[in-house]
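Taking it in order: structure first as structure tokens, then the write-up.
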Amino acid sequence: MATKNRQPASSLNAERIRLEEDARRAKNWKRWGPYLAERQWGTVREDYSEDGESWNYFTHEQARSRAYRWGEDGMLGITDRECRLCFGLALWNERDPFLKERMFGLSGPEGNHGEDVKECYYYLDATPTHSYLKALYKYPQAEFPYEKLRAENRKRGRDEPEYELLDTGVFDDGRYFDVFVEYAKGGPNDLLIQITVANRGPEEARLRLLPTLWYRNTWSWGCTHEGCEVKPKLKQVAENRVQCDHATLERFFLEVEGERSAGAGTADGRGKTEWLFTENETNAEKLFGGTNASPYVKDAFHEAVVQGRTEKVNSRQQGTKVAAHRTLVLAAGESRVMRLRLFSDKEQPAEVFGGNFAAVLASRRHEADAFYAELLKERPLPAAVKTGEFTMPPLPGSEQTNVARQAYAGLLWSKQFYHYVVKDWMVGDPEQPKPPAARLTGRNAEWEHVFNRDILSMPDKWEYPWFAAWDLAFHMIPFARVDAHFAKDQLNLLLREWYMHPNGQIPAYEWNFSDVNPPVHAWACWRVYKMTGPRGGRDRQFLARVFQKLLLNFTWWVNRKDPTGKNIFAGGFLGLDNIGVFDRSKPLPTGGALAQADGTAWMAFYCGTMLAMALELAETQPEYEDIASKFFEHFVAIADAMNRLGGNGLWHEEDGFYYDQLMVDGQTSPVRLRSMVGIIPLFAVEFIEEERLDCLPGFAKRTRWFLEHRKDLAGQISYFSHDGCSKGRHLLAIPTRERLERVLKYVFDEKEFLSPHGVRSLSRVYKDHPYVLKAGGQEYCVDYVPGDSNSWLFGGNSNWRGPVWMPVNYLLIEALERYHHFYGDTFTVEFPTGSGHRVTLKQAARELSQRLVGLFMPNASGRRPCNGLESRYVSDPHWQDLVLFHEFFHGDSGQGLGASHQTGWTALVTRLIESGG
């Protein structure tokens, strides 16, 4: 559905025009994109084992020879939105034991901090219609150290850092290739591909380059919903051209630019192209001792190129997988270019290469620049700001633009075709062995209605190549700036009947759909709604659609996650994997139950957002006034329970902080651990304007009646007009002004939560004095862990015990700005605590924003904190402008940790840059 606030086409740049055409379905500009996964192996979808150990069932080694059931993966590739025809890079440095066709990394059991990609690659640019894409892969000229990476990480303990590819020495002396890939669209079904290879080493080096095109295997399983009963075919029809035929995709051609000598003074020499053909089918003989369906199988290019067994490729020049094999010999410092073009029969260009190719590529690059110049409106940050032990210098707008462009590129490149039909996965395919019987009652068995076959925003296309509900909600905030239509579609998609459970639960993530993520979906819908149009011109139809389905989800939360019926919620780990004393997804070792400060606060946050949405809809549809009243009462009840239940509720008056409460054998005691759990209650803050009450007399009457007659509930919440500052505005918040001030003293204390790079998830006071809880004759200890997790208790590489996380920092900044909007300049805090320097809450939010932006900016020594101490990122011109957007950041140094390409929620930094933070 197109938005109502569309600008005239004449006022839009070329990329905005393409977005408008795609939204109106006038032109299918987004049909092709970077939708190819980086890792399909090791996923739940491909796991047909009896024990559910997906990492061990389908391994990286098997991926070379085994056809996937539910998707495809490749290097820096593209595909159509149904992942029928795929394109990606394959490389060989003539030293590796096998072709480099996909990103290598450690599986969860192999890494000393869980799963971890062990490659150096960077998303450099992208437009939202994927009319232009650019990425970089750094490929060592020495043998890739696969086994060294495995062995060293296996040897290291949880208290040691991960052993990375850069640590192995394979990039020393610049002995590697920079492989740039660029895609540009001449039309919706006309894709220009330019691959540029640069030898960064001091000597001549050889590289085998194999751009590869293949069809996803939909014909081997007997499934009925793919619409592909006829096997597709690729065949060579001219010296440099391959014809592509598929039952549900029109005819396409892949053409490679012919051999040509380099002109004088250029570095554009091209070698002869050799077409290699095979089938995208499992090598059953090699893997399982079985019989192959065809003599030509998935790993044939490896056999032909690396092993010299040319009989393994189809000499008839046809199949379902093809590579354009070219040998490059590059002098030291030399670059070579290889150009290809993939186009439909209907969009065949008059000139495939030559001037037309160069002109289209140059235009798309220029249009990408114009799109982001308009979006970002470059401006420098304010003068240097002293932030504890880190001083951020004034920064030029160009540096901010570099970071923002790469953040948006990562966000856009992380869109992926995601296919998972749970019922088919459980019962198996007609032409394949049946899955183990335990599958019918095992993982995701209660989600057999789920039918995923969509383009989705992934947290990280290697480490988390599946959707995660609360991650996706955060992704859509920066997405709304570049592609509002996609942002709204994604948020609505997770609420559709083939995703949302009939009971109202939103699926969490592939590993366990039933797990519980923080309920931030409504907040994302509300923010995207407000971001995508001025008041009076917003997409009310979108708001109404999502609101109705969010009502179902809210009801699920109330019915399932309030075990005592007293408005105190306990939802499991709620995204904060190991921030607490116990694994909150499992029964407590002490017995009893845990009243969660964060779980309860998230529900107040949910209530406040639903109230705001209902009031907005009630402006034109009075029937929403009734439900608005209901959410107002819900909010008051939850806030009151947090503040007063059993005395002070989850508030600890002596400490001035919100804590979880442990309830065992009728006894309740606070878990006095200062963590993000006690800061999340600050997030639940909304306004009700007096003028809106005047327009909604029914809601106003019921609200005032409630406040007058239920003073027992309303006494501890902030609902009032502040003298002289917010006349005509009412505040709904969990903490009173005095409690807000007390919590913020901890938040802005550099000995507690405030780091040079944002707010930590656990107080630093536990570094020297760990928190100890004694219960049931046992001691449970929590210490400050600013980097990777030092415990396997909560699984994988998750760690909330100290690092800085972008999403919760973003929500805190937003809350501070909203409190300032109410209290104004009369509310000031020390920043940092104990410094004597007092600022307004708006200024505090800005200072916090600057610390977060500073994670990615070069400091006075040229070092970006996110890149750690690696000297290449400071001194080497081929590395120093490159930025990675990690899952979380070291609580003291700011080094990026966890998933290295989690540009989804970490792309929230673009919003801080754009707001001048």
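Residues in the structure tokens are numbered from 1 in each chain, the chains being A, B, ... in the order shown, and ligands are numbered from 1 in the order shown.
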Requested in this report: as JSON, numbers by chain, list the residues of region 631-858 of chain A assigned to strand (DSSP E) by DSSP on the backbone atoms of this structure.
Outcome: {"A": [651, 652, 657, 658, 660, 661, 662, 663, 664, 667, 668, 669, 670, 671, 685, 686, 687, 688, 689, 729, 730, 731, 732, 733, 754, 755, 758, 759, 771, 772, 773, 774, 775, 778, 779, 780, 781, 782, 828, 829, 830, 838, 839, 840]}
Can I get the selection written as a short mmCIF file (atom, residue, chain, number, x, y, z; two decimals), in the first residue's frame, with N, CA and C atoms?
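Saved the output as result13.cif:
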```cif
data_model
loop_
_atom_site.label_atom_id
_atom_site.label_comp_id
_atom_site.auth_asym_id
_atom_site.auth_seq_id
_atom_site.Cartn_x
_atom_site.Cartn_y
_atom_site.Cartn_z
N TRP A 651 10.50 -1.50 43.25
CA TRP A 651 11.37 -0.37 43.59
C TRP A 651 12.03 -0.62 44.94
N HIS A 652 13.34 -0.32 45.02
CA HIS A 652 14.05 -0.48 46.27
C HIS A 652 14.38 0.91 46.79
N PHE A 657 16.59 2.12 43.07
CA PHE A 657 16.73 1.41 41.82
C PHE A 657 15.64 0.34 41.72
N TYR A 658 15.30 -0.07 40.51
CA TYR A 658 14.33 -1.15 40.29
C TYR A 658 15.07 -2.49 40.19
N ASP A 660 14.59 -7.06 40.12
CA ASP A 660 13.76 -8.26 40.12
C ASP A 660 13.49 -8.67 41.57
N GLN A 661 12.40 -9.39 41.75
CA GLN A 661 12.06 -9.92 43.08
C GLN A 661 11.99 -11.44 43.00
N LEU A 662 12.69 -12.12 43.91
CA LEU A 662 12.67 -13.57 43.99
C LEU A 662 11.60 -13.99 45.00
N MET A 663 10.67 -14.82 44.53
CA MET A 663 9.56 -15.24 45.39
C MET A 663 9.65 -16.75 45.61
N VAL A 664 9.98 -17.15 46.85
CA VAL A 664 10.15 -18.57 47.20
C VAL A 664 9.42 -18.84 48.51
N GLN A 667 7.93 -16.10 50.52
CA GLN A 667 8.84 -15.03 50.91
C GLN A 667 9.35 -14.31 49.65
N THR A 668 9.40 -12.99 49.74
CA THR A 668 9.85 -12.17 48.60
C THR A 668 11.09 -11.40 49.01
N SER A 669 12.12 -11.46 48.15
CA SER A 669 13.33 -10.70 48.42
C SER A 669 13.87 -10.11 47.12
N PRO A 670 14.40 -8.90 47.19
CA PRO A 670 14.92 -8.26 45.96
C PRO A 670 16.25 -8.87 45.54
N VAL A 671 16.44 -8.99 44.25
CA VAL A 671 17.73 -9.39 43.68
C VAL A 671 18.47 -8.09 43.41
N VAL A 685 7.35 5.78 28.79
CA VAL A 685 6.97 7.18 28.99
C VAL A 685 6.17 7.66 27.78
N GLU A 686 4.96 8.14 28.04
CA GLU A 686 4.08 8.65 26.99
C GLU A 686 3.43 9.95 27.47
N PHE A 687 2.86 10.68 26.52
CA PHE A 687 2.15 11.92 26.83
C PHE A 687 0.69 11.81 26.43
N ILE A 688 -0.13 12.56 27.12
CA ILE A 688 -1.51 12.79 26.68
C ILE A 688 -1.70 14.30 26.65
N GLU A 689 -1.98 14.84 25.48
CA GLU A 689 -2.16 16.28 25.33
C GLU A 689 -3.57 16.67 25.76
N ARG A 729 -0.24 19.29 29.00
CA ARG A 729 0.36 18.00 28.66
C ARG A 729 0.43 17.14 29.91
N HIS A 730 -0.01 15.90 29.81
CA HIS A 730 0.05 14.95 30.92
C HIS A 730 1.11 13.90 30.62
N LEU A 731 1.81 13.47 31.65
CA LEU A 731 2.87 12.49 31.53
C LEU A 731 2.42 11.15 32.10
N LEU A 732 2.64 10.11 31.34
CA LEU A 732 2.46 8.75 31.82
C LEU A 732 3.83 8.11 31.89
N ALA A 733 4.27 7.78 33.08
CA ALA A 733 5.59 7.17 33.25
C ALA A 733 5.59 6.33 34.51
N LEU A 754 27.78 4.31 33.01
CA LEU A 754 28.21 5.17 31.91
C LEU A 754 29.64 4.84 31.47
N SER A 755 29.77 4.40 30.22
CA SER A 755 31.09 4.12 29.66
C SER A 755 31.44 5.23 28.68
N GLY A 758 28.80 4.68 25.68
CA GLY A 758 27.38 4.42 25.86
C GLY A 758 27.11 3.88 27.25
N VAL A 759 25.90 3.40 27.46
CA VAL A 759 25.49 2.87 28.76
C VAL A 759 25.69 1.36 28.77
N TYR A 771 28.57 -9.50 42.51
CA TYR A 771 27.32 -9.64 43.25
C TYR A 771 27.12 -11.11 43.59
N VAL A 772 26.75 -11.39 44.82
CA VAL A 772 26.52 -12.76 45.27
C VAL A 772 25.12 -12.85 45.87
N LEU A 773 24.34 -13.80 45.36
CA LEU A 773 23.02 -14.07 45.91
C LEU A 773 23.05 -15.43 46.59
N LYS A 774 22.63 -15.46 47.85
CA LYS A 774 22.55 -16.72 48.58
C LYS A 774 21.08 -17.13 48.66
N ALA A 775 20.80 -18.32 48.13
CA ALA A 775 19.42 -18.79 48.14
C ALA A 775 19.41 -20.31 48.07
N GLN A 778 22.64 -22.27 48.29
CA GLN A 778 23.61 -22.10 47.22
C GLN A 778 23.99 -20.63 47.08
N GLU A 779 25.16 -20.40 46.48
CA GLU A 779 25.58 -19.04 46.15
C GLU A 779 25.59 -18.88 44.63
N TYR A 780 25.02 -17.77 44.17
CA TYR A 780 24.98 -17.46 42.74
C TYR A 780 25.70 -16.13 42.54
N CYS A 781 26.68 -16.13 41.65
CA CYS A 781 27.57 -14.99 41.53
C CYS A 781 27.43 -14.33 40.15
N VAL A 782 27.48 -13.02 40.12
CA VAL A 782 27.48 -12.25 38.88
C VAL A 782 28.60 -11.23 38.97
N THR A 828 17.47 18.96 35.73
CA THR A 828 18.86 18.79 35.33
C THR A 828 19.50 17.66 36.13
N VAL A 829 20.53 17.08 35.56
CA VAL A 829 21.26 15.99 36.21
C VAL A 829 22.75 16.25 36.06
N GLU A 830 23.52 15.64 36.94
CA GLU A 830 24.97 15.68 36.78
C GLU A 830 25.38 14.71 35.67
N ARG A 838 26.14 20.05 35.33
CA ARG A 838 24.72 19.74 35.23
C ARG A 838 24.20 20.07 33.84
N VAL A 839 23.36 19.17 33.35
CA VAL A 839 22.78 19.33 32.02
C VAL A 839 21.30 19.00 32.08
N THR A 840 20.57 19.46 31.08
CA THR A 840 19.17 19.05 30.96
C THR A 840 19.12 17.62 30.44
#
```
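Looking only at region 82-276 of chain A, the set that DSSP places in alpha helix (DSSP H) from backbone geometry is Tyr146, Glu147, Lys148, Leu149, Arg150, Ala151, Glu152, Asn153, Arg154 and Lys155 of chain A.
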C-alpha atoms of the current selection, written as a compact mmCIF listing (two decimals), in the first residue's frame:
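Listed below is the output, part-v2.txt:
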```txt
# COMPACT_ATOMS: atom_id res chain seq x y z
CA TYR A 146 40.76 -23.12 8.10
CA GLU A 147 42.19 -25.67 10.49
CA LYS A 148 44.38 -23.16 12.33
CA LEU A 149 41.30 -21.07 13.12
CA ARG A 150 39.42 -24.12 14.36
CA ALA A 151 42.27 -25.50 16.43
CA GLU A 152 43.25 -22.25 18.11
CA ASN A 153 39.69 -21.27 19.02
CA ARG A 154 39.01 -24.76 20.29
CA LYS A 155 42.07 -24.46 22.51
```
Query raised in the report: Of the candidates A:Glu653, A:Glu21, A:Glu160, A:Asp881, which one gets nearest to Tyr122 (chain A) if we count only C-alpha atoms?
Result: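 Smallest separation from Tyr122 (chain A) among the options: A:Asp881.
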Residues within 6 Å of Thr282 (chain A), only C-alpha atoms, excluding chain neighbours under 5 positions, as a PDB file with N, CA and C atoms, in the first residue's frame:
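After the write, selection14.pdb holds the following:
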```pdb
ATOM      1  N   SER A  65      29.135 -29.916  -1.256  1.00  0.00           N
ATOM      2  CA  SER A  65      28.719 -31.083  -2.035  1.00  0.00           C
ATOM      3  C   SER A  65      27.248 -31.423  -1.896  1.00  0.00           C
ATOM      4  N   ARG A  66      26.540 -30.727  -1.043  1.00  0.00           N
ATOM      5  CA  ARG A  66      25.180 -31.144  -0.687  1.00  0.00           C
ATOM      6  C   ARG A  66      24.177 -30.046  -1.031  1.00  0.00           C
ATOM      7  N   ALA A  67      23.127 -30.402  -1.755  1.00  0.00           N
ATOM      8  CA  ALA A  67      22.101 -29.434  -2.125  1.00  0.00           C
ATOM      9  C   ALA A  67      21.240 -29.079  -0.915  1.00  0.00           C
ATOM     10  N   VAL A 297      27.536 -33.064 -10.308  1.00  0.00           N
ATOM     11  CA  VAL A 297      26.982 -32.721  -8.996  1.00  0.00           C
ATOM     12  C   VAL A 297      27.509 -31.361  -8.525  1.00  0.00           C
ATOM     13  N   LYS A 298      27.047 -30.964  -7.357  1.00  0.00           N
ATOM     14  CA  LYS A 298      27.258 -29.598  -6.869  1.00  0.00           C
ATOM     15  C   LYS A 298      28.732 -29.213  -6.766  1.00  0.00           C
TER      16      LYS A 298
END
```
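Counting only C-alpha atoms and comparing A:Glu654, A:Glu311, A:Asp47, A:Glu119, the residue that lies closest to Leu165 (chain A) is A:Glu119.
Nearest to Tyr132 (chain A) of all the residues A:Ala300, A:Ala409, A:Gly678, A:Pro295 is A:Ala409, based on only C-alpha atoms.
Of note, CA of Pro858 (chain A) and CA of Thr910 (chain A) are spaced 16.3 Å apart.
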Requested in this report: Would you list the contacts of region 223-225 of chain A as a PyMOL selection string, taking every protein, DNA or RNA residue within 10 Å and counting only C-alpha atoms, but skipping same-chain residues closer than 3 positions in sequence?
Outcome: chain A and resi 218-220+228-229+421+424+428-431
Requested in this report: Mind giving me the straight-line distance from CA of Thr129 (chain A) to CA of Arg18 (chain A) in Å, one decimal?
Outcome: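 Taking CA of Thr129 (chain A) as the start and CA of Arg18 (chain A) as the end point, the length is 7.0 Å.
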Residues within 12 Å of Gly114 (chain A), only C-alpha atoms, excluding chain neighbours under 2 positions, as a short mmCIF file (atom, residue, chain, number, x, y, z; two decimals) with C-alpha atoms, in the first residue's frame:
```cif
data_model
loop_
_atom_site.label_atom_id
_atom_site.label_comp_id
_atom_site.auth_asym_id
_atom_site.auth_seq_id
_atom_site.Cartn_x
_atom_site.Cartn_y
_atom_site.Cartn_z
CA TRP A 55 25.52 -27.37 13.57
CA GLY A 105 33.14 -19.53 10.18
CA LEU A 106 33.11 -21.56 13.35
CA SER A 107 29.98 -23.40 14.35
CA GLY A 108 28.52 -22.81 17.81
CA PRO A 109 30.35 -25.75 19.42
CA GLU A 110 33.67 -24.85 17.74
CA GLY A 111 34.10 -21.22 18.81
CA ASN A 112 35.26 -20.28 22.27
CA ASP A 116 31.57 -16.72 14.52
CA VAL A 117 32.31 -15.88 10.88
CA ARG A 150 39.42 -24.12 14.36
CA ASN A 153 39.69 -21.27 19.02
CA ARG A 154 39.01 -24.76 20.29
CA ARG A 156 41.11 -21.07 23.94
CA GLY A 157 38.85 -20.73 26.95
CA ARG A 158 35.85 -18.50 27.52
CA PRO A 161 39.55 -13.40 23.14
CA GLU A 162 38.53 -15.05 19.89
CA GLU A 463 25.65 -15.65 12.24
CA TYR A 464 21.87 -15.16 12.46
CA ASP A 788 32.57 -11.65 25.41
CA SER A 789 30.73 -13.89 27.84
CA ASN A 790 32.87 -16.02 30.16
CA SER A 791 30.12 -18.57 30.80
CA TRP A 792 28.37 -21.24 28.73
CA PHE A 794 23.28 -19.07 28.73
CA GLY A 795 24.65 -20.51 25.49
CA GLY A 796 26.64 -19.34 22.51
CA ASN A 797 28.17 -15.90 22.32
CA SER A 798 25.43 -14.03 24.18
CA ASN A 799 26.60 -11.52 26.75
CA LEU A 897 32.07 -8.04 19.67
CA GLY A 898 29.60 -10.78 18.92
CA ALA A 899 28.22 -11.02 15.38
#
```
**Report entry** For region 482-498 of chain A: contacts at 6 Å, only C-alpha atoms, fewer than 3 positions along chain excluded, given as a list in words
**Finding:**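 Contacts, in chain order: Val450, Phe451, Met476 and Phe479 of chain A.
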Report summary line: Min atom-atom distance to Gly333 (chain A) from the set A:Phe547, A:Phe288, A:Gly169, A:His878, counting only C-alpha atoms, belongs to A:His878
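Shell of Arg674 (chain A) at 10 Å, with only C-alpha atoms counted and residues fewer than 4 places along the chain excluded, is Ile579, Gly580, Asp655, Phe657, Tyr658, Tyr659, Asp660, Gly678, Ile679, Tyr746, Val747, Glu752, Phe753, Ser761, Leu762, Ser763, Arg764, Val765, Tyr766 and Tyr771 of chain A.
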Selected residues written out with C-alpha atoms, as a short mmCIF file (atom, residue, chain, number, x, y, z; two decimals), in the first residue's frame:
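Done, and the output landed in part.cif:
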```cif
data_model
loop_
_atom_site.label_atom_id
_atom_site.label_comp_id
_atom_site.auth_asym_id
_atom_site.auth_seq_id
_atom_site.Cartn_x
_atom_site.Cartn_y
_atom_site.Cartn_z
CA ILE A 579 22.17 -10.31 32.46
CA GLY A 580 20.66 -11.93 35.53
CA ASP A 655 19.09 1.82 46.84
CA PHE A 657 16.73 1.41 41.82
CA TYR A 658 14.33 -1.15 40.29
CA TYR A 659 15.16 -4.83 40.90
CA ASP A 660 13.76 -8.26 40.12
CA GLY A 678 16.41 -1.71 36.42
CA ILE A 679 16.84 0.94 33.69
CA TYR A 746 23.49 5.37 38.52
CA VAL A 747 23.02 5.55 34.76
CA GLU A 752 28.53 2.26 37.30
CA PHE A 753 26.78 2.29 33.90
CA SER A 761 24.24 -3.37 30.47
CA LEU A 762 25.64 -4.14 33.95
CA SER A 763 27.18 -1.86 36.54
CA ARG A 764 30.97 -1.74 36.54
CA VAL A 765 31.00 -1.88 40.35
CA TYR A 766 30.84 -5.67 40.06
CA TYR A 771 27.32 -9.64 43.25
#
```
